[in-house]
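Structure file model05.pdb with PDB, C-alpha atoms, pLDDT in the B column:
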ATOM      1  CA  MET T 160      42.537  14.709   8.710  1.00 24.00           C
ATOM      2  CA  ASP T 161      44.145  11.280   8.621  1.00 30.00           C
ATOM      3  CA  ILE T 162      46.013   9.886  11.612  1.00 32.00           C
ATOM      4  CA  ILE T 163      49.776   9.922  11.033  1.00 30.00           C
ATOM      5  CA  LYS T 164      51.502   6.558  11.481  1.00 37.00           C
ATOM      6  CA  PRO T 165      55.173   7.304  12.172  1.00 38.00           C
ATOM      7  CA  MET T 166      56.188   3.706  12.875  1.00 39.00           C
ATOM      8  CA  GLU T 167      56.518   1.333   9.949  1.00 44.00           C
ATOM      9  CA  LYS T 168      59.050  -1.186  11.236  1.00 46.00           C
ATOM     10  CA  ARG T 169      57.833  -3.342  14.116  1.00 52.00           C
ATOM     11  CA  THR T 170      60.160  -4.693  16.796  1.00 57.00           C
ATOM     12  CA  GLY T 171      58.499  -8.085  17.114  1.00 83.00           C
ATOM     13  CA  LYS T 172      57.585  -7.446  20.751  1.00 92.00           C
ATOM     14  CA  ILE T 173      54.123  -8.507  21.859  1.00 95.00           C
ATOM     15  CA  ALA T 174      52.284  -5.921  23.932  1.00 96.00           C
ATOM     16  CA  LEU T 175      49.721  -6.983  26.514  1.00 97.00           C
ATOM     17  CA  ILE T 176      47.342  -4.799  28.458  1.00 97.00           C
ATOM     18  CA  SER T 177      44.850  -5.419  31.248  1.00 97.00           C
ATOM     19  CA  ALA T 178      42.994  -2.976  33.451  1.00 96.00           C
ATOM     20  CA  VAL T 179      43.983  -4.183  36.936  1.00 95.00           C
ATOM     21  CA  PRO T 180      46.833  -6.266  38.451  1.00 92.00           C
ATOM     22  CA  PHE T 181      44.442  -9.057  39.449  1.00 94.00           C
ATOM     23  CA  GLU T 182      43.852  -9.852  35.784  1.00 96.00           C
ATOM     24  CA  GLY T 183      47.552 -10.610  35.207  1.00 94.00           C
ATOM     25  CA  GLU T 184      48.723 -12.290  38.429  1.00 92.00           C
ATOM     26  CA  PHE T 185      48.677 -15.840  37.047  1.00 92.00           C
ATOM     27  CA  PHE T 186      50.385 -14.738  33.837  1.00 92.00           C
ATOM     28  CA  ILE T 187      53.190 -12.780  35.536  1.00 90.00           C
ATOM     29  CA  LYS T 188      54.249 -15.861  37.518  1.00 88.00           C
ATOM     30  CA  ARG T 189      54.887 -17.607  34.200  1.00 86.00           C
ATOM     31  CA  LEU T 190      56.656 -14.703  32.529  1.00 85.00           C
ATOM     32  CA  ASN T 191      60.317 -15.736  32.297  1.00 76.00           C
ATOM     33  CA  HIS T 192      62.900 -13.234  33.564  1.00 65.00           C
ATOM     34  CA  ALA T 193      60.121 -10.815  34.472  1.00 62.00           C
ATOM     35  CA  ALA T 194      61.141  -7.269  35.348  1.00 66.00           C
ATOM     36  CA  LYS T 195      58.765  -4.532  36.362  1.00 67.00           C
ATOM     37  CA  ASP T 196      58.523  -0.779  36.698  1.00 64.00           C
ATOM     38  CA  MET T 197      55.818   0.157  39.208  1.00 57.00           C
ATOM     39  CA  ARG T 198      56.812   3.785  39.806  1.00 57.00           C
ATOM     40  CA  ASP T 199      53.868   5.174  37.917  1.00 64.00           C
ATOM     41  CA  GLN T 200      50.563   4.123  36.425  1.00 69.00           C
ATOM     42  CA  PRO T 201      50.449   2.309  34.108  1.00 82.00           C
ATOM     43  CA  ALA T 202      52.785  -0.313  35.545  1.00 85.00           C
ATOM     44  CA  PHE T 203      54.948  -2.176  33.023  1.00 88.00           C
ATOM     45  CA  TYR T 204      56.337  -5.709  33.064  1.00 90.00           C
ATOM     46  CA  ALA T 205      58.821  -7.188  30.602  1.00 89.00           C
ATOM     47  CA  GLY T 206      59.848 -10.797  30.029  1.00 90.00           C
ATOM     48  CA  LYS T 207      59.474 -13.813  27.755  1.00 89.00           C
ATOM     49  CA  ILE T 208      56.925 -16.512  26.986  1.00 88.00           C
ATOM     50  CA  GLN T 209      58.507 -19.213  24.842  1.00 81.00           C
ATOM     51  CA  HIS T 210      60.674 -17.162  22.442  1.00 84.00           C
ATOM     52  CA  ASN T 211      58.387 -14.145  22.463  1.00 90.00           C
ATOM     53  CA  ASP T 212      59.470 -10.826  23.970  1.00 91.00           C
ATOM     54  CA  ILE T 213      56.582  -9.553  26.074  1.00 93.00           C
ATOM     55  CA  ILE T 214      55.807  -6.102  27.400  1.00 94.00           C
ATOM     56  CA  TYR T 215      52.755  -5.991  29.657  1.00 94.00           C
ATOM     57  CA  ALA T 216      50.995  -2.874  30.931  1.00 94.00           C
ATOM     58  CA  VAL T 217      48.457  -2.613  33.755  1.00 94.00           C
ATOM     59  CA  SER T 218      46.514   0.401  32.567  1.00 95.00           C
ATOM     60  CA  GLY T 219      43.975   1.172  35.239  1.00 93.00           C
ATOM     61  CA  VAL T 220      40.211   0.982  34.774  1.00 95.00           C
ATOM     62  CA  GLY T 221      38.307   2.704  31.989  1.00 96.00           C
ATOM     63  CA  LYS T 222      38.720   3.970  28.441  1.00 96.00           C
ATOM     64  CA  THR T 223      41.028   6.914  29.127  1.00 96.00           C
ATOM     65  CA  ASN T 224      43.518   4.842  31.127  1.00 96.00           C
ATOM     66  CA  ALA T 225      43.403   2.099  28.491  1.00 97.00           C
ATOM     67  CA  ALA T 226      44.000   4.517  25.619  1.00 97.00           C
ATOM     68  CA  HIS T 227      46.866   6.177  27.510  1.00 96.00           C
ATOM     69  CA  ALA T 228      48.583   2.873  28.272  1.00 96.00           C
ATOM     70  CA  THR T 229      48.147   1.609  24.712  1.00 97.00           C
ATOM     71  CA  THR T 230      49.689   4.786  23.318  1.00 96.00           C
ATOM     72  CA  LEU T 231      52.652   4.456  25.687  1.00 94.00           C
ATOM     73  CA  LEU T 232      53.113   0.816  24.671  1.00 95.00           C
ATOM     74  CA  ILE T 233      53.120   1.681  20.986  1.00 95.00           C
ATOM     75  CA  HIS T 234      55.448   4.671  21.237  1.00 93.00           C
ATOM     76  CA  GLY T 235      57.743   3.084  23.796  1.00 90.00           C
ATOM     77  CA  TYR T 236      58.027  -0.447  22.426  1.00 92.00           C
ATOM     78  CA  ASP T 237      56.702  -0.445  18.834  1.00 93.00           C
ATOM     79  CA  PRO T 238      54.986  -3.847  19.191  1.00 95.00           C
ATOM     80  CA  ALA T 239      53.958  -6.210  16.410  1.00 95.00           C
ATOM     81  CA  VAL T 240      50.587  -6.851  18.068  1.00 96.00           C
ATOM     82  CA  VAL T 241      48.590  -5.588  21.052  1.00 98.00           C
ATOM     83  CA  ILE T 242      46.544  -8.053  23.111  1.00 98.00           C
ATOM     84  CA  ASN T 243      43.940  -6.766  25.566  1.00 98.00           C
ATOM     85  CA  PHE T 244      42.865  -9.322  28.159  1.00 98.00           C
ATOM     86  CA  GLY T 245      40.931  -9.547  31.393  1.00 98.00           C
ATOM     87  CA  ILE T 246      37.450 -10.347  32.616  1.00 98.00           C
ATOM     88  CA  GLY T 247      34.065  -9.324  31.276  1.00 97.00           C
ATOM     89  CA  GLY T 248      30.355  -9.917  31.674  1.00 97.00           C
ATOM     90  CA  ALA T 249      28.534 -12.066  29.104  1.00 97.00           C
ATOM     91  CA  TYR T 250      25.108 -11.122  27.839  1.00 97.00           C
ATOM     92  CA  PRO T 251      22.542 -13.901  28.429  1.00 95.00           C
ATOM     93  CA  SER T 252      21.934 -14.334  24.696  1.00 94.00           C
ATOM     94  CA  ALA T 253      25.595 -15.278  24.128  1.00 94.00           C
ATOM     95  CA  GLY T 254      25.145 -18.740  25.614  1.00 94.00           C
ATOM     96  CA  LEU T 255      28.320 -18.438  27.676  1.00 97.00           C
ATOM     97  CA  LYS T 256      28.678 -19.325  31.337  1.00 97.00           C
ATOM     98  CA  VAL T 257      30.951 -18.136  34.130  1.00 97.00           C
ATOM     99  CA  GLY T 258      34.506 -19.319  33.472  1.00 97.00           C
ATOM    100  CA  ASP T 259      34.068 -19.485  29.702  1.00 98.00           C
ATOM    101  CA  ILE T 260      36.167 -17.361  27.351  1.00 98.00           C
ATOM    102  CA  ALA T 261      35.228 -14.812  24.690  1.00 98.00           C
ATOM    103  CA  VAL T 262      37.425 -13.501  21.868  1.00 98.00           C
ATOM    104  CA  ALA T 263      36.531 -10.242  20.125  1.00 98.00           C
ATOM    105  CA  SER T 264      35.638 -10.077  16.444  1.00 97.00           C
ATOM    106  CA  LYS T 265      35.342  -6.296  16.837  1.00 97.00           C
ATOM    107  CA  GLU T 266      34.912  -3.705  19.577  1.00 98.00           C
ATOM    108  CA  ILE T 267      32.098  -1.188  19.905  1.00 97.00           C
ATOM    109  CA  TYR T 268      31.843   1.990  21.952  1.00 97.00           C
ATOM    110  CA  ALA T 269      28.372   1.129  23.211  1.00 94.00           C
ATOM    111  CA  ASP T 270      27.412   4.474  24.723  1.00 92.00           C
ATOM    112  CA  GLU T 271      29.132   7.091  22.554  1.00 87.00           C
ATOM    113  CA  GLY T 272      26.388   8.877  20.643  1.00 83.00           C
ATOM    114  CA  LEU T 273      23.043  10.592  21.157  1.00 86.00           C
ATOM    115  CA  LEU T 274      20.158   9.721  23.469  1.00 87.00           C
ATOM    116  CA  LEU T 275      16.701  10.774  22.237  1.00 87.00           C
ATOM    117  CA  LYS T 276      13.135   9.961  23.228  1.00 87.00           C
ATOM    118  CA  ASP T 277      13.123   7.038  20.816  1.00 88.00           C
ATOM    119  CA  GLY T 278      16.348   5.618  22.253  1.00 84.00           C
ATOM    120  CA  PHE T 279      20.097   5.650  21.702  1.00 88.00           C
ATOM    121  CA  HIS T 280      21.658   6.595  18.354  1.00 86.00           C
ATOM    122  CA  THR T 281      25.272   5.885  17.396  1.00 84.00           C
ATOM    123  CA  LEU T 282      27.799   8.490  16.264  1.00 80.00           C
ATOM    124  CA  GLU T 283      27.294   7.506  12.639  1.00 86.00           C
ATOM    125  CA  SER T 284      23.627   8.464  12.805  1.00 87.00           C
ATOM    126  CA  ILE T 285      24.603  12.034  13.722  1.00 87.00           C
ATOM    127  CA  GLY T 286      27.613  12.246  11.403  1.00 85.00           C
ATOM    128  CA  LEU T 287      30.374  12.445  14.020  1.00 85.00           C
ATOM    129  CA  HIS T 288      33.334  10.135  13.473  1.00 90.00           C
ATOM    130  CA  LEU T 289      35.952   9.335  16.115  1.00 78.00           C
ATOM    131  CA  MET T 290      38.780   8.770  13.661  1.00 85.00           C
ATOM    132  CA  LYS T 291      39.629   8.922   9.964  1.00 90.00           C
ATOM    133  CA  THR T 292      42.491   6.979   8.448  1.00 86.00           C
ATOM    134  CA  GLY T 293      43.166   5.578   4.992  1.00 84.00           C
ATOM    135  CA  GLY T 294      40.115   7.385   3.686  1.00 86.00           C
ATOM    136  CA  ARG T 295      37.840   5.484   6.062  1.00 91.00           C
ATOM    137  CA  ARG T 296      35.805   7.006   8.871  1.00 91.00           C
ATOM    138  CA  TYR T 297      35.436   5.115  12.127  1.00 86.00           C
ATOM    139  CA  PHE T 298      32.428   5.774  14.308  1.00 89.00           C
ATOM    140  CA  ASN T 299      31.561   3.396  17.166  1.00 88.00           C
ATOM    141  CA  GLU T 300      33.188   0.240  15.764  1.00 94.00           C
ATOM    142  CA  PHE T 301      36.834  -0.835  15.597  1.00 95.00           C
ATOM    143  CA  PRO T 302      38.101  -4.159  14.199  1.00 96.00           C
ATOM    144  CA  ALA T 303      40.039  -6.960  15.791  1.00 97.00           C
ATOM    145  CA  ASP T 304      42.531  -8.930  13.712  1.00 97.00           C
ATOM    146  CA  ARG T 305      40.687 -11.880  12.140  1.00 96.00           C
ATOM    147  CA  LYS T 306      43.610 -14.261  11.678  1.00 96.00           C
ATOM    148  CA  LEU T 307      45.028 -13.710  15.141  1.00 97.00           C
ATOM    149  CA  GLY T 308      41.545 -13.780  16.637  1.00 97.00           C
ATOM    150  CA  LYS T 309      40.950 -17.217  15.124  1.00 97.00           C
ATOM    151  CA  ALA T 310      44.225 -18.452  16.601  1.00 96.00           C
ATOM    152  CA  ALA T 311      43.289 -16.985  19.970  1.00 97.00           C
ATOM    153  CA  LEU T 312      39.913 -18.734  19.858  1.00 98.00           C
ATOM    154  CA  ASN T 313      41.551 -22.059  19.018  1.00 97.00           C
ATOM    155  CA  SER T 314      43.872 -21.608  21.987  1.00 97.00           C
ATOM    156  CA  ALA T 315      41.006 -20.613  24.282  1.00 97.00           C
ATOM    157  CA  THR T 316      39.052 -23.772  23.448  1.00 97.00           C
ATOM    158  CA  LEU T 317      41.887 -25.766  25.047  1.00 97.00           C
ATOM    159  CA  ILE T 318      40.969 -24.154  28.369  1.00 97.00           C
ATOM    160  CA  SER T 319      37.188 -23.746  28.387  1.00 96.00           C
ATOM    161  CA  THR T 320      34.117 -23.329  26.212  1.00 97.00           C
ATOM    162  CA  SER T 321      34.907 -20.323  24.031  1.00 97.00           C
ATOM    163  CA  LYS T 322      33.190 -18.056  21.538  1.00 97.00           C
ATOM    164  CA  CYS T 323      34.216 -15.309  19.138  1.00 97.00           C
ATOM    165  CA  GLY T 324      31.883 -12.340  18.854  1.00 97.00           C
ATOM    166  CA  ILE T 325      31.299  -8.626  19.181  1.00 97.00           C
ATOM    167  CA  PHE T 326      32.376  -6.890  22.391  1.00 98.00           C
ATOM    168  CA  ALA T 327      30.651  -3.806  23.795  1.00 97.00           C
ATOM    169  CA  THR T 328      32.667  -1.265  25.777  1.00 97.00           C
ATOM    170  CA  VAL T 329      30.610   0.697  28.300  1.00 96.00           C
ATOM    171  CA  SER T 330      31.331   3.568  30.653  1.00 94.00           C
ATOM    172  CA  SER T 331      28.804   2.257  33.193  1.00 91.00           C
ATOM    173  CA  CYS T 332      28.680  -1.469  33.840  1.00 92.00           C
ATOM    174  CA  THR T 333      25.248  -2.914  33.135  1.00 92.00           C
ATOM    175  CA  GLY T 334      23.349  -3.905  36.267  1.00 92.00           C
ATOM    176  CA  THR T 335      19.835  -4.615  35.004  1.00 94.00           C
ATOM    177  CA  ARG T 336      18.327  -7.357  32.889  1.00 93.00           C
ATOM    178  CA  GLU T 337      16.534  -4.810  30.699  1.00 92.00           C
ATOM    179  CA  LYS T 338      19.715  -2.919  29.810  1.00 93.00           C
ATOM    180  CA  ALA T 339      21.580  -6.142  29.135  1.00 93.00           C
ATOM    181  CA  LYS T 340      18.883  -7.189  26.669  1.00 94.00           C
ATOM    182  CA  GLU T 341      18.932  -3.762  25.014  1.00 92.00           C
ATOM    183  CA  LEU T 342      22.695  -3.758  24.455  1.00 93.00           C
ATOM    184  CA  SER T 343      22.932  -7.352  23.285  1.00 93.00           C
ATOM    185  CA  LEU T 344      20.122  -6.819  20.775  1.00 92.00           C
ATOM    186  CA  LYS T 345      21.401  -3.480  19.496  1.00 93.00           C
ATOM    187  CA  TYR T 346      24.960  -4.632  18.877  1.00 94.00           C
ATOM    188  CA  ASN T 347      24.589  -8.423  18.697  1.00 95.00           C
ATOM    189  CA  ALA T 348      27.314  -8.425  21.346  1.00 96.00           C
ATOM    190  CA  VAL T 349      28.458 -11.389  23.409  1.00 97.00           C
ATOM    191  CA  CYS T 350      29.997  -9.510  26.327  1.00 96.00           C
ATOM    192  CA  GLU T 351      30.808  -6.118  27.804  1.00 97.00           C
ATOM    193  CA  ASN T 352      33.841  -4.473  29.363  1.00 97.00           C
ATOM    194  CA  MET T 353      35.151  -0.977  30.126  1.00 97.00           C
ATOM    195  CA  GLU T 354      38.385  -0.700  28.077  1.00 98.00           C
ATOM    196  CA  GLY T 355      38.484  -2.759  24.889  1.00 97.00           C
ATOM    197  CA  ALA T 356      37.147  -0.250  22.350  1.00 97.00           C
ATOM    198  CA  ALA T 357      39.710   2.319  23.460  1.00 98.00           C
ATOM    199  CA  VAL T 358      42.563  -0.152  22.971  1.00 98.00           C
ATOM    200  CA  ALA T 359      41.190  -1.184  19.567  1.00 98.00           C
ATOM    201  CA  HIS T 360      40.776   2.497  18.623  1.00 97.00           C
ATOM    202  CA  ILE T 361      44.418   3.359  19.332  1.00 97.00           C
ATOM    203  CA  CYS T 362      45.693   0.205  17.607  1.00 97.00           C
ATOM    204  CA  CYS T 363      43.622   1.023  14.538  1.00 96.00           C
ATOM    205  CA  SER T 364      45.042   4.549  14.416  1.00 94.00           C
ATOM    206  CA  TYR T 365      48.595   3.142  14.245  1.00 95.00           C
ATOM    207  CA  GLY T 366      47.798   0.155  12.036  1.00 94.00           C
ATOM    208  CA  ILE T 367      48.769  -2.384  14.676  1.00 96.00           C
ATOM    209  CA  PRO T 368      46.900  -5.714  14.917  1.00 97.00           C
ATOM    210  CA  PHE T 369      44.576  -5.915  17.917  1.00 97.00           C
ATOM    211  CA  VAL T 370      43.342  -9.005  19.778  1.00 98.00           C
ATOM    212  CA  GLU T 371      41.072  -9.157  22.813  1.00 98.00           C
ATOM    213  CA  ILE T 372      40.497 -12.159  25.096  1.00 98.00           C
ATOM    214  CA  ARG T 373      38.207 -12.094  28.136  1.00 98.00           C
ATOM    215  CA  GLY T 374      37.182 -14.603  30.752  1.00 98.00           C
ATOM    216  CA  ILE T 375      33.508 -14.484  31.705  1.00 98.00           C
ATOM    217  CA  SER T 376      33.131 -13.455  35.337  1.00 97.00           C
ATOM    218  CA  ASN T 377      29.345 -13.026  35.337  1.00 97.00           C
ATOM    219  CA  ILE T 378      26.214 -13.081  33.262  1.00 96.00           C
ATOM    220  CA  VAL T 379      25.038  -9.504  32.725  1.00 96.00           C
ATOM    221  CA  GLY T 380      21.654  -8.762  34.259  1.00 92.00           C
ATOM    222  CA  ASP T 381      20.255  -7.702  37.619  1.00 90.00           C
ATOM    223  CA  ARG T 382      23.454  -7.230  39.594  1.00 92.00           C
ATOM    224  CA  ASP T 383      24.248 -10.084  41.984  1.00 88.00           C
ATOM    225  CA  THR T 384      27.954 -10.387  42.772  1.00 89.00           C
ATOM    226  CA  GLY T 385      27.291 -13.550  44.735  1.00 91.00           C
ATOM    227  CA  ARG T 386      26.933 -15.352  41.418  1.00 93.00           C
ATOM    228  CA  TRP T 387      30.206 -14.025  40.009  1.00 95.00           C
ATOM    229  CA  ASP T 388      33.544 -15.841  39.864  1.00 96.00           C
ATOM    230  CA  ALA T 389      36.145 -13.285  38.853  1.00 96.00           C
ATOM    231  CA  ARG T 390      39.069 -15.497  39.880  1.00 97.00           C
ATOM    232  CA  LEU T 391      37.998 -18.436  37.726  1.00 98.00           C
ATOM    233  CA  ALA T 392      37.336 -16.094  34.797  1.00 98.00           C
ATOM    234  CA  SER T 393      40.684 -14.369  35.187  1.00 97.00           C
ATOM    235  CA  GLU T 394      42.711 -17.570  35.500  1.00 97.00           C
ATOM    236  CA  ASN T 395      41.021 -19.198  32.514  1.00 98.00           C
ATOM    237  CA  CYS T 396      41.602 -16.057  30.453  1.00 98.00           C
ATOM    238  CA  GLN T 397      45.294 -15.969  31.378  1.00 97.00           C
ATOM    239  CA  LYS T 398      45.702 -19.675  30.636  1.00 97.00           C
ATOM    240  CA  ALA T 399      44.149 -19.091  27.215  1.00 97.00           C
ATOM    241  CA  LEU T 400      46.446 -16.116  26.698  1.00 97.00           C
ATOM    242  CA  ILE T 401      49.517 -18.228  27.464  1.00 95.00           C
ATOM    243  CA  GLU T 402      48.370 -20.917  25.029  1.00 95.00           C
ATOM    244  CA  PHE T 403      47.826 -18.240  22.382  1.00 96.00           C
ATOM    245  CA  LEU T 404      51.273 -16.742  22.960  1.00 95.00           C
ATOM    246  CA  LYS T 405      52.810 -20.153  22.348  1.00 92.00           C
ATOM    247  CA  THR T 406      51.430 -20.024  18.807  1.00 91.00           C
ATOM    248  CA  LEU T 407      53.145 -16.690  18.096  1.00 89.00           C
ATOM    249  CA  ASN T 408      56.672 -17.554  17.097  1.00 70.00           C
ATOM    250  CA  GLY T 409      59.060 -14.761  17.960  1.00 55.00           C
ATOM    251  CA  PRO T 410      62.775 -14.708  17.063  1.00 47.00           C
ATOM    252  CA  ARG T 411      64.841 -17.597  18.402  1.00 41.00           C
TER
END

Since I need it in another form, could you write the structure as structure tokens?
Amino acid sequence: MDIIKPMEKRTGKIALISAVPFEGEFFIKRLNHAAKDMRDQPAFYAGKIQHNDIIYAVSGVGKTNAAHATTLLIHGYDPAVVINFGIGGAYPSAGLKVGDIAVASKEIYADEGLLLKDGFHTLESIGLHLMKTGGRRYFNEFPADRKLGKAALNSATLISTSKCGIFATVSSCTGTREKAKELSLKYNAVCENMEGAAVAHICCSYGIPFVEIRGISNIVGDRDTGRWDARLASENCQKALIEFLKTLNGPR
């Protein structure tokens, strides 16, 4: 059964979503005429960047919270685009370092599927799709908008070394070198996070363009938080986001 898309006319608002408040602190200070509603989770902020009307949700951690917040954003504000941002861990093979920025070419549910003696198999291998729309079945992979992603990458390069590539969404953060190698090889992914595929999934179901920008807080491997810099990653990501928003010309 196809997903029903009840909304055909977009408002022009730009919807933003991050998992935790820390990931948006720098951005909120630069959001003109910011107003917020913190009574419930997710928390919502509204304001302007340049001439763009912004609605920003802090979803909470994980796929379910992200999907819930994205659905509320779409039904409540009917945005023209949804941008997921925050921090993430880069796989060693990506060639990124802490403080660099990654932009998603597509999102993958990295651990939805079947685990057998010979390893992990995706949903497609067992014939179970997560969504069907427009005659197409979606299994583990959901697309990001190419044109907007290119613009986001161009904006990110103004802030730090940046790369566009595949993102892997995991339920359990990777804390070993072996698992990091396995995931990066299987999906050819540049980084991992805990929300992006869920946001991309919901956007795809409503036909809304999806963009994802993440600052690199750590290199995925044997877990050592002493080598992380979440603040640098978060600030660089938010600076890139602001530059990207400047390229999106809303109504004047």

Rows by chain and residue number, stretch 188-274 of chain T within 6 Å of stretch 293-308 of chain T, shortest pair, all atoms listed in the file, as JSON lines:
{"residue": "T:Ser264", "atom": "CA", "partner": "T:Ala303", "partner_atom": "CA", "distance": 5.4}
{"residue": "T:Lys265", "atom": "CA", "partner": "T:Pro302", "partner_atom": "CA", "distance": 4.4}
{"residue": "T:Glu266", "atom": "CA", "partner": "T:Phe301", "partner_atom": "CA", "distance": 5.3}
{"residue": "T:Ile267", "atom": "CA", "partner": "T:Glu300", "partner_atom": "CA", "distance": 4.5}
{"residue": "T:Tyr268", "atom": "CA", "partner": "T:Asn299", "partner_atom": "CA", "distance": 5.0}

Practice item. Just the residues within 9 Å of T:Gly248, please, counting all atoms listed in the file, with nothing from its chain fewer than 5 positions along; format it as a list in words. Key: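 Once the adjacent positions are removed, what remains is Val257, Cys332, Thr333, Val349, Cys350, Glu351, Asn352, Arg373, Gly374, Ile375, Ser376, Asn377, Ile378 and Val379 of chain T.
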
Just to be explicit: take each residue in the selection above, keep C-alpha atoms, and write the result as a compact mmCIF listing (two decimals), in the frame of the given file.
# COMPACT_ATOMS: atom_id res chain seq x y z
CA VAL T 257 30.95 -18.14 34.13
CA CYS T 332 28.68 -1.47 33.84
CA THR T 333 25.25 -2.91 33.14
CA VAL T 349 28.46 -11.39 23.41
CA CYS T 350 30.00 -9.51 26.33
CA GLU T 351 30.81 -6.12 27.80
CA ASN T 352 33.84 -4.47 29.36
CA ARG T 373 38.21 -12.09 28.14
CA GLY T 374 37.18 -14.60 30.75
CA ILE T 375 33.51 -14.48 31.70
CA SER T 376 33.13 -13.46 35.34
CA ASN T 377 29.34 -13.03 35.34
CA ILE T 378 26.21 -13.08 33.26
CA VAL T 379 25.04 -9.50 32.72

Practice item. Find the residues near T:Ile401: any atom within 8 Å, counting all atoms listed in the file, skip ones fewer than 4 places away on the same chain, and give them as a list of chain:residue names. Key: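 Residues meeting the cut-off are T:Phe186, T:Ile208, T:Gln397, T:Lys405.
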
Exercise for review: Carefully work through the PyMOL selection byres ((chain T and resi 369) around 9) for this structure and note down the residues it includes, as number ranges by chain.
Suggested key: T: 240-243, 302-304, 307-308, 358-359, 362-363, 367-368, 370-371

Check your understanding: So what do you get for atom CA of T:Ala339 versus atom CA of T:Lys309, distance-wise?
Key ->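 Atom CA of T:Ala339 sits 26.3 Å away from atom CA of T:Lys309.
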
Exercise for review: Given the file shown, enumerate the residues that the PyMOL selection byres ((chain T and resi 286) around 12) captures and present them as a PyMOL selection string.
Suggested key: chain T and resi 272-273+280-285+287-290+296-299

Find the residues around T:Leu344 up to 12 Å (only C-alpha atoms counted), leave out those fewer than 2 positions away in its own chain, and share them as an mmCIF file with C-alpha atoms, keeping the file's coordinate frame.
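selection_12.cif written:
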data_model
loop_
_atom_site.group_PDB
_atom_site.id
_atom_site.type_symbol
_atom_site.label_atom_id
_atom_site.label_comp_id
_atom_site.auth_asym_id
_atom_site.auth_seq_id
_atom_site.Cartn_x
_atom_site.Cartn_y
_atom_site.Cartn_z
ATOM 1 C CA TYR T 250 25.108 -11.122 27.839
ATOM 2 C CA PRO T 251 22.542 -13.901 28.429
ATOM 3 C CA SER T 252 21.934 -14.334 24.696
ATOM 4 C CA ALA T 253 25.595 -15.278 24.128
ATOM 5 C CA ALA T 269 28.372 1.129 23.211
ATOM 6 C CA ILE T 325 31.299 -8.626 19.181
ATOM 7 C CA ALA T 327 30.651 -3.806 23.795
ATOM 8 C CA GLU T 337 16.534 -4.810 30.699
ATOM 9 C CA LYS T 338 19.715 -2.919 29.810
ATOM 10 C CA ALA T 339 21.580 -6.142 29.135
ATOM 11 C CA LYS T 340 18.883 -7.189 26.669
ATOM 12 C CA GLU T 341 18.932 -3.762 25.014
ATOM 13 C CA LEU T 342 22.695 -3.758 24.455
ATOM 14 C CA TYR T 346 24.960 -4.632 18.877
ATOM 15 C CA ASN T 347 24.589 -8.423 18.697
ATOM 16 C CA ALA T 348 27.314 -8.425 21.346
ATOM 17 C CA VAL T 349 28.458 -11.389 23.409
ATOM 18 C CA CYS T 350 29.997 -9.510 26.327
#

Check your understanding: For the atom pair atom CA of T:Val217 and atom CA of T:Gly183, what is the interatomic distance in Å to one decimal place?
Key -> 8.2 Å

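The spacing separating atom CA of T:Lys398 from atom CA of T:Cys323 amounts to 16.8 Å.
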
Practice item. Counting all atoms listed in the file, select every polymer residue within 6 Å of (43.0, -0.8, 28.7) as defined in the file's coordinates, and provide the selection as a count of residues only. Key: 7

Could you expand the PyMOL selection byres ((chain T and resi 316-322) around 6) into the explicit residues it covers here, written as a PDB file with C-alpha atoms, keeping the file's coordinate frame?
ATOM      1  CA  ASP T 259      34.068 -19.485  29.702  1.00 98.00           C
ATOM      2  CA  ILE T 260      36.167 -17.361  27.351  1.00 98.00           C
ATOM      3  CA  ALA T 261      35.228 -14.812  24.690  1.00 98.00           C
ATOM      4  CA  ASN T 313      41.551 -22.059  19.018  1.00 97.00           C
ATOM      5  CA  SER T 314      43.872 -21.608  21.987  1.00 97.00           C
ATOM      6  CA  ALA T 315      41.006 -20.613  24.282  1.00 97.00           C
ATOM      7  CA  CYS T 323      34.216 -15.309  19.138  1.00 97.00           C
TER       8      CYS T 323
END

Review point. Looking at T:Gly334, T:Gly245, T:Gly324, T:Gly380, which one is nearest to T:Gly219, with distances taken over all atoms listed in the file?
Key: T:Gly245

Practice item. Select, from T:Leu312, T:Ala216, T:His234, T:Ala356, the residue with the minimum atom-to-atom distance to T:Pro180, counting all atoms listed in the file. Key: T:Ala216

**Study point:** Selected residue of minimal separation from T:Val220 among T:Leu391, T:Val262, T:Ala310, T:Val179, counting all atoms listed in the file
**Key:**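 With all atoms listed in the file as the atom set, the closest residue is T:Val179.
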
Review point. From the set T:Leu231, T:Ile173, T:Ile187, T:Leu255, which residue has the shortest atom-to-atom contact distance to T:His210, counting only C-alpha atoms?
Key: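 Under the stated criterion, the closest residue is T:Ile173.
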
**Study point:** T:Ala202, T:Leu175, T:Met353, T:Leu274 ranked by distance to T:Leu190, top pick (using all atoms listed in the file)
**Key:**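 Closest to T:Leu190, using all atoms listed in the file: T:Leu175.
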
Review point. Taking all atoms listed in the file into account, which of T:Asn191, T:Thr335, T:Asn211, T:Asn224 comes nearest T:Ile361?
Key: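 Using all atoms listed in the file, the shortest distance to T:Ile361 belongs to T:Asn224.
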